[in-house]
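Engineer: Input structure: input-v4.cif, which contains mmCIF, C-alpha atoms.
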data_model
loop_
_atom_site.label_atom_id
_atom_site.label_comp_id
_atom_site.auth_asym_id
_atom_site.auth_seq_id
_atom_site.Cartn_x
_atom_site.Cartn_y
_atom_site.Cartn_z
CA MET A 1 -3.39 1.04 16.72
CA ALA A 2 -2.86 0.69 12.99
CA MET A 3 -3.51 -3.05 13.16
CA VAL A 4 -6.83 -2.47 14.90
CA VAL A 5 -7.92 0.19 12.43
CA ASP A 6 -6.81 -1.97 9.50
CA GLY A 7 -8.69 -4.90 10.99
CA ALA A 8 -11.85 -2.83 11.43
CA CYS A 9 -11.62 -1.65 7.82
CA ARG A 10 -11.24 -5.23 6.67
CA VAL A 11 -14.32 -6.24 8.66
CA VAL A 12 -16.30 -3.51 6.89
CA ALA A 13 -14.92 -4.75 3.55
CA GLY A 14 -16.16 -8.26 4.30
CA GLU A 15 -12.85 -9.82 5.33
CA THR A 16 -14.33 -10.65 8.71
CA GLU A 17 -12.08 -13.45 9.95
CA PHE A 18 -8.84 -11.74 8.95
CA GLY A 19 -10.06 -8.37 10.19
CA LEU A 20 -10.97 -9.71 13.63
CA LYS A 21 -7.60 -11.48 13.83
CA LEU A 22 -5.80 -8.20 13.10
CA ILE A 23 -7.90 -6.41 15.73
CA GLU A 24 -7.07 -8.94 18.44
CA GLU A 25 -3.37 -8.97 17.53
CA GLY A 26 -3.29 -5.17 17.56
CA LEU A 27 -4.97 -5.01 20.96
CA GLY A 28 -2.53 -7.58 22.28
CA VAL A 29 0.45 -5.57 21.08
CA GLN A 30 -0.97 -2.35 22.50
CA ARG A 31 -1.48 -3.96 25.90
CA ARG A 32 1.97 -5.60 25.91
CA ILE A 33 3.84 -2.39 25.13
CA GLY A 34 1.69 -0.48 27.58
CA VAL A 35 0.53 2.33 25.31
CA GLN A 36 -2.45 3.72 27.21
CA SER A 37 -3.15 7.02 25.48
CA TRP A 38 -5.27 5.58 22.67
CA LEU A 39 -6.51 2.42 24.37
CA GLY A 40 -10.09 3.67 24.85
CA HIS A 41 -10.35 4.64 21.18
CA VAL A 42 -8.85 1.35 20.03
CA LEU A 43 -11.21 -0.66 22.22
CA THR A 44 -14.18 1.31 20.86
CA ILE A 45 -13.09 0.66 17.27
CA SER A 46 -12.68 -3.02 18.11
CA ALA A 47 -16.11 -3.16 19.78
CA THR A 48 -17.73 -1.56 16.75
CA ALA A 49 -16.18 -4.16 14.45
CA HIS A 50 -17.33 -6.97 16.73
CA LEU A 51 -20.85 -5.52 16.78
CA GLN A 52 -20.86 -5.50 12.97
CA CYS A 53 -19.92 -9.19 13.01
CA GLY A 54 -22.54 -10.10 15.57
CA ASN A 55 -19.98 -10.84 18.30
CA LEU A 56 -22.03 -9.10 20.96
CA GLY A 57 -20.25 -10.66 23.94
CA ARG A 58 -16.79 -9.63 22.74
CA ALA A 59 -18.04 -6.16 21.83
CA LEU A 60 -19.50 -5.67 25.31
CA GLU A 61 -16.22 -6.83 26.89
CA HIS A 62 -14.28 -4.24 24.88
CA LEU A 63 -16.79 -1.51 25.74
CA VAL A 64 -16.63 -2.27 29.46
CA ASP A 65 -12.82 -2.07 29.23
CA ALA A 66 -13.00 1.16 27.20
CA ILE A 67 -15.36 2.83 29.69
CA ALA A 68 -13.22 1.73 32.64
CA HIS A 69 -10.13 3.07 30.87
CA ALA A 70 -11.82 6.42 30.21
CA GLU A 71 -12.90 6.74 33.84
CA ARG A 72 -9.50 5.65 35.17
CA THR A 73 -7.41 7.91 32.94
CA GLY A 74 -9.75 10.86 32.41
CA ALA A 75 -9.54 10.31 28.62
CA LYS A 76 -13.28 10.81 28.16
CA VAL A 77 -13.53 12.36 24.69
CA MET A 78 -15.12 9.17 23.28
CA LEU A 79 -17.06 8.29 26.43
CA PRO A 80 -20.46 9.32 24.98
CA GLU A 81 -19.89 6.94 22.06
CA MET A 82 -18.67 4.18 24.37
CA GLU A 83 -21.73 4.58 26.58
CA ARG A 84 -24.09 4.66 23.58
CA LEU A 85 -22.65 1.52 22.03
CA HIS A 86 -22.56 -0.24 25.40
CA THR A 87 -26.21 0.59 26.06
CA GLU A 88 -27.27 -0.57 22.60
CA GLY A 89 -25.40 -3.84 23.16
CA LEU A 90 -27.00 -4.32 26.57
CA LEU A 91 -30.41 -3.64 25.04
CA VAL A 92 -29.92 -6.20 22.27
CA SER A 93 -28.74 -8.79 24.79
CA LYS A 94 -31.72 -7.96 27.01
CA GLN A 95 -29.49 -6.97 29.92
CA VAL A 96 -31.26 -3.61 30.14
CA ASN A 97 -34.86 -2.61 29.43
CA GLY A 98 -36.04 0.22 27.19
CA THR A 99 -36.59 2.69 30.05
CA ASP A 100 -33.11 2.13 31.46
CA ALA A 101 -31.61 2.31 27.97
CA ILE A 102 -33.29 5.67 27.38
CA ALA A 103 -31.89 7.02 30.67
CA ARG A 104 -28.39 5.83 29.77
CA ILE A 105 -28.55 7.30 26.25
CA VAL A 106 -29.88 10.61 27.62
CA ALA A 107 -26.86 10.72 29.96
CA ALA A 108 -24.49 9.97 27.04
CA ALA A 109 -26.13 12.75 25.00
CA ALA A 110 -25.76 15.19 27.90
CA LEU A 111 -22.06 14.32 28.18
CA ALA A 112 -21.56 14.82 24.44
CA ARG A 113 -23.35 18.18 24.66
CA GLN A 114 -21.21 19.20 27.65
CA GLN A 115 -18.10 18.31 25.66
CA GLY A 116 -19.33 20.24 22.61
CA ALA A 117 -19.10 17.02 20.59
CA LEU A 118 -21.89 17.62 18.10
CA ALA A 119 -21.20 14.49 16.05
CA LEU A 120 -21.32 12.25 19.13
CA GLU A 121 -24.41 14.04 20.35
CA TRP A 122 -26.01 13.37 16.95
CA ARG A 123 -25.27 9.65 17.25
CA THR A 124 -26.81 9.54 20.71
CA THR A 125 -29.81 11.52 19.43
CA MET A 126 -30.36 8.97 16.66
CA SER A 127 -30.19 6.13 19.17
CA LEU A 128 -32.57 7.92 21.49
CA ALA A 129 -34.97 8.68 18.64
CA ARG A 130 -35.05 4.99 17.67
CA LEU A 131 -35.80 4.03 21.27
CA HIS A 132 -38.61 6.59 21.47
CA ARG A 133 -39.98 5.47 18.11
CA ASP A 134 -39.95 1.84 19.21
CA ALA A 135 -41.80 2.86 22.38
CA GLY A 136 -44.51 4.53 20.26
CA ARG A 137 -43.36 8.07 20.98
CA HIS A 138 -43.00 9.06 17.30
CA ASP A 139 -43.60 12.81 17.74
CA GLU A 140 -40.97 13.10 20.44
CA ALA A 141 -38.49 11.09 18.36
CA ARG A 142 -39.11 13.21 15.26
CA ASP A 143 -38.87 16.50 17.18
CA MET A 144 -35.55 15.63 18.82
CA LEU A 145 -34.07 14.60 15.47
CA ARG A 146 -35.27 17.79 13.78
CA GLN A 147 -33.89 20.03 16.54
CA ASN A 148 -30.51 18.37 16.56
CA TYR A 149 -30.24 18.11 12.76
CA ALA A 150 -30.95 21.85 12.47
CA ARG A 151 -27.77 22.57 14.44
CA PHE A 152 -25.56 21.29 11.62
CA THR A 153 -24.18 23.74 9.07
CA GLU A 154 -21.96 21.32 7.16
CA GLY A 155 -21.16 17.65 6.71
CA PHE A 156 -24.52 16.75 5.22
CA GLY A 157 -22.88 14.08 3.06
CA SER A 158 -21.40 12.28 6.07
CA LEU A 159 -22.71 8.81 6.78
CA ASP A 160 -24.14 9.82 10.17
CA LEU A 161 -26.10 12.77 8.80
CA VAL A 162 -27.33 10.83 5.77
CA GLU A 163 -28.49 8.00 8.05
CA GLY A 164 -30.12 10.48 10.43
CA LYS A 165 -31.93 12.26 7.64
CA ARG A 166 -33.28 8.90 6.41
CA LEU A 167 -34.43 8.11 9.94
CA LEU A 168 -36.12 11.50 10.21
CA GLU A 169 -37.84 11.08 6.82
CA SER A 170 -39.08 7.63 7.86
CA MET A 171 -40.86 9.27 10.79
CA ASN A 172 -42.75 11.83 8.69
#
Rewrite the structure of this file - the entire thing - as structure tokens.
Structural biologist:
Amino acid sequence: MAMVVDGACRVVAGETEFGLKLIEEGLGVQRRIGVQSWLGHVLTISATAHLQCGNLGRALEHLVDAIAHAERTGAKVMLPEMERLHTEGLLVSKQVNGTDAIARIVAAAALARQQGALALEWRTTMSLARLHRDAGRHDEARDMLRQNYARFTEGFGSLDLVEGKRLLESMN
């Protein structure tokens, strides 16, 4: 797991080739030794790094594997994030239309809400707001962001909340 996380950090730092190599080696080791408990998380981290590098195909492969792992093992804590990222990747690759993407993101948000995972719900809300905005439904997008943002009592300096606040301000 450490190799994958290190690789993802290196991708963010701009060491793309080396970071992706570490990620793939780490995933290979994890699969060889059969450690299943963190596999969904590791695949999601890997997919995120691949998305940042523009490797959409590889990211989608990892997300399909992560979702299957979560369903198979019941380790669903990150499933809303997996579903959100997968849907965004499918949308970019034109494998799903905007209406279907909205339905999938709504389902991911509902799962996050059911789990009490406010941070994951916030990420799905931002994705959903962008989809609504892009469909010309600005008021609906703004209202959902405002309602969800109001639920937070701390963490306003976190990257997700800062990004969400910028998104909300851009819709005013």
Engineer: Report as number ranges by chain the full result of the PyMOL selection byres ((chain A and resi 81) around 10) when it is applied to this structure.
Structural biologist: A: 41, 44, 63, 67, 76-80, 82-87, 105, 108-109, 111-112, 119-121, 123-124
Engineer: Would you work out the distance separating CA of Gly136 in chain A from CA of Gln52 in chain A, expressed in Å to one decimal?
Structural biologist: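 Going from CA of Gly136 in chain A over to CA of Gln52 in chain A covers 26.7 Å.
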Engineer: Name all residues at most 7 Å from Gly40 in chain A (count all atoms listed in the file; drop same-chain ones fewer than 5 positions away) and give them as a count of residues only.
Structural biologist: 3
Engineer: Evaluate the PyMOL selection byres ((chain A and resi 141) around 10) and record the selected residues as a PyMOL selection string, following the chain and residue labels used in the document.
Structural biologist: chain A and resi 125-140+142-146+167-168+171
Engineer: How would the residues just chosen look if you wrote them out with C-alpha atoms as a compact mmCIF listing (two decimals), keeping the file's coordinate frame?
Structural biologist:
# COMPACT_ATOMS: atom_id res chain seq x y z
CA THR A 125 -29.81 11.52 19.43
CA MET A 126 -30.36 8.97 16.66
CA SER A 127 -30.19 6.13 19.17
CA LEU A 128 -32.57 7.92 21.49
CA ALA A 129 -34.97 8.68 18.64
CA ARG A 130 -35.05 4.99 17.67
CA LEU A 131 -35.80 4.03 21.27
CA HIS A 132 -38.61 6.59 21.47
CA ARG A 133 -39.98 5.47 18.11
CA ASP A 134 -39.95 1.84 19.21
CA ALA A 135 -41.80 2.86 22.38
CA GLY A 136 -44.51 4.53 20.26
CA ARG A 137 -43.36 8.07 20.98
CA HIS A 138 -43.00 9.06 17.30
CA ASP A 139 -43.60 12.81 17.74
CA GLU A 140 -40.97 13.10 20.44
CA ARG A 142 -39.11 13.21 15.26
CA ASP A 143 -38.87 16.50 17.18
CA MET A 144 -35.55 15.63 18.82
CA LEU A 145 -34.07 14.60 15.47
CA ARG A 146 -35.27 17.79 13.78
CA LEU A 167 -34.43 8.11 9.94
CA LEU A 168 -36.12 11.50 10.21
CA MET A 171 -40.86 9.27 10.79
Engineer: Counting all atoms listed in the file, figure out which residue out of A:Cys53, A:Val162, A:Ile33, A:Val42 gets nearest to Met3 in chain A.
Structural biologist: A:Val42
Engineer: What is the CA of Gly28 in chain A-CA of Glu71 in chain A distance in Å, reported with one decimal?
Structural biologist: 21.1 Å
Engineer: Taking all atoms of range 74-79 of chain A that appear in the file, build a box with edges along x, y and z, extend it by 8 Å on every side, and state its centre and edge lengths in Å to one decimal, as JSON.
Structural biologist:
{"center_x": -13.3, "center_y": 10.3, "center_z": 27.8, "size_x": 23.5, "size_y": 20.1, "size_z": 25.1}
Engineer: What is the distance, in Å and to one decimal place, between CA of Ser37 in chain A and CA of Glu15 in chain A?
Structural biologist: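 Separation between CA of Ser37 in chain A and CA of Glu15 in chain A: 28.0 Å.
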Engineer: Given the choices A:Arg32, A:Leu56, A:Gly74, A:Phe156, which gets closest to Lys94 in chain A if the distance is worked out from all atoms listed in the file?
Structural biologist: A:Leu56
Engineer: Mind dumping range 66-125 of chain A from that block, keeping C-alpha atoms, as an mmCIF file, in the first residue's frame?
Structural biologist:
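The new file decode-v9.cif reads:
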data_model
loop_
_atom_site.group_PDB
_atom_site.id
_atom_site.type_symbol
_atom_site.label_atom_id
_atom_site.label_comp_id
_atom_site.auth_asym_id
_atom_site.auth_seq_id
_atom_site.Cartn_x
_atom_site.Cartn_y
_atom_site.Cartn_z
ATOM 1 C CA ALA A 66 -12.323 -1.420 -6.948
ATOM 2 C CA ILE A 67 -16.120 -1.430 -7.250
ATOM 3 C CA ALA A 68 -16.181 -5.192 -7.853
ATOM 4 C CA HIS A 69 -13.924 -5.693 -4.822
ATOM 5 C CA ALA A 70 -16.195 -3.549 -2.638
ATOM 6 C CA GLU A 71 -19.284 -5.464 -3.738
ATOM 7 C CA ARG A 72 -17.581 -8.846 -3.350
ATOM 8 C CA THR A 73 -16.090 -8.202 0.089
ATOM 9 C CA GLY A 74 -18.621 -5.795 1.584
ATOM 10 C CA ALA A 75 -15.818 -3.228 2.120
ATOM 11 C CA LYS A 76 -17.971 -0.353 0.863
ATOM 12 C CA VAL A 77 -16.707 2.618 2.865
ATOM 13 C CA MET A 78 -15.131 4.183 -0.255
ATOM 14 C CA LEU A 79 -17.817 2.980 -2.670
ATOM 15 C CA PRO A 80 -19.416 6.442 -3.076
ATOM 16 C CA GLU A 81 -16.029 7.837 -4.139
ATOM 17 C CA MET A 82 -15.373 4.884 -6.436
ATOM 18 C CA GLU A 83 -18.773 5.320 -8.082
ATOM 19 C CA ARG A 84 -18.296 9.091 -8.424
ATOM 20 C CA LEU A 85 -14.882 8.773 -10.039
ATOM 21 C CA HIS A 86 -16.070 5.946 -12.278
ATOM 22 C CA THR A 87 -19.045 7.981 -13.466
ATOM 23 C CA GLU A 88 -16.898 11.036 -14.144
ATOM 24 C CA GLY A 89 -14.497 8.869 -16.153
ATOM 25 C CA LEU A 90 -17.346 7.315 -18.118
ATOM 26 C CA LEU A 91 -18.724 10.783 -18.815
ATOM 27 C CA VAL A 92 -15.386 12.094 -20.093
ATOM 28 C CA SER A 93 -14.982 9.034 -22.317
ATOM 29 C CA LYS A 94 -18.553 9.488 -23.560
ATOM 30 C CA GLN A 95 -19.586 6.035 -22.342
ATOM 31 C CA VAL A 96 -22.466 7.586 -20.391
ATOM 32 C CA ASN A 97 -24.632 10.631 -21.102
ATOM 33 C CA GLY A 98 -25.336 13.521 -18.736
ATOM 34 C CA THR A 99 -28.716 12.181 -17.587
ATOM 35 C CA ASP A 100 -27.289 8.771 -16.727
ATOM 36 C CA ALA A 101 -24.289 10.387 -15.041
ATOM 37 C CA ILE A 102 -26.598 12.476 -12.860
ATOM 38 C CA ALA A 103 -28.543 9.356 -11.822
ATOM 39 C CA ARG A 104 -25.321 7.533 -10.944
ATOM 40 C CA ILE A 105 -23.934 10.477 -8.953
ATOM 41 C CA VAL A 106 -27.256 10.878 -7.100
ATOM 42 C CA ALA A 107 -27.022 7.190 -6.122
ATOM 43 C CA ALA A 108 -23.411 7.672 -4.936
ATOM 44 C CA ALA A 109 -24.486 10.713 -2.884
ATOM 45 C CA ALA A 110 -27.334 8.725 -1.327
ATOM 46 C CA LEU A 111 -24.909 5.954 -0.368
ATOM 47 C CA ALA A 112 -22.498 8.468 1.175
ATOM 48 C CA ARG A 113 -25.391 10.030 3.112
ATOM 49 C CA GLN A 114 -26.542 6.596 4.296
ATOM 50 C CA GLN A 115 -23.007 5.877 5.505
ATOM 51 C CA GLY A 116 -22.777 9.243 7.262
ATOM 52 C CA ALA A 117 -19.736 10.061 5.116
ATOM 53 C CA LEU A 118 -20.101 13.826 4.883
ATOM 54 C CA ALA A 119 -16.816 14.367 3.040
ATOM 55 C CA LEU A 120 -17.700 11.804 0.369
ATOM 56 C CA GLU A 121 -21.191 13.226 0.122
ATOM 57 C CA TRP A 122 -19.633 16.664 -0.410
ATOM 58 C CA ARG A 123 -17.504 15.347 -3.280
ATOM 59 C CA THR A 124 -20.545 13.791 -4.925
ATOM 60 C CA THR A 125 -22.491 17.026 -4.374
#
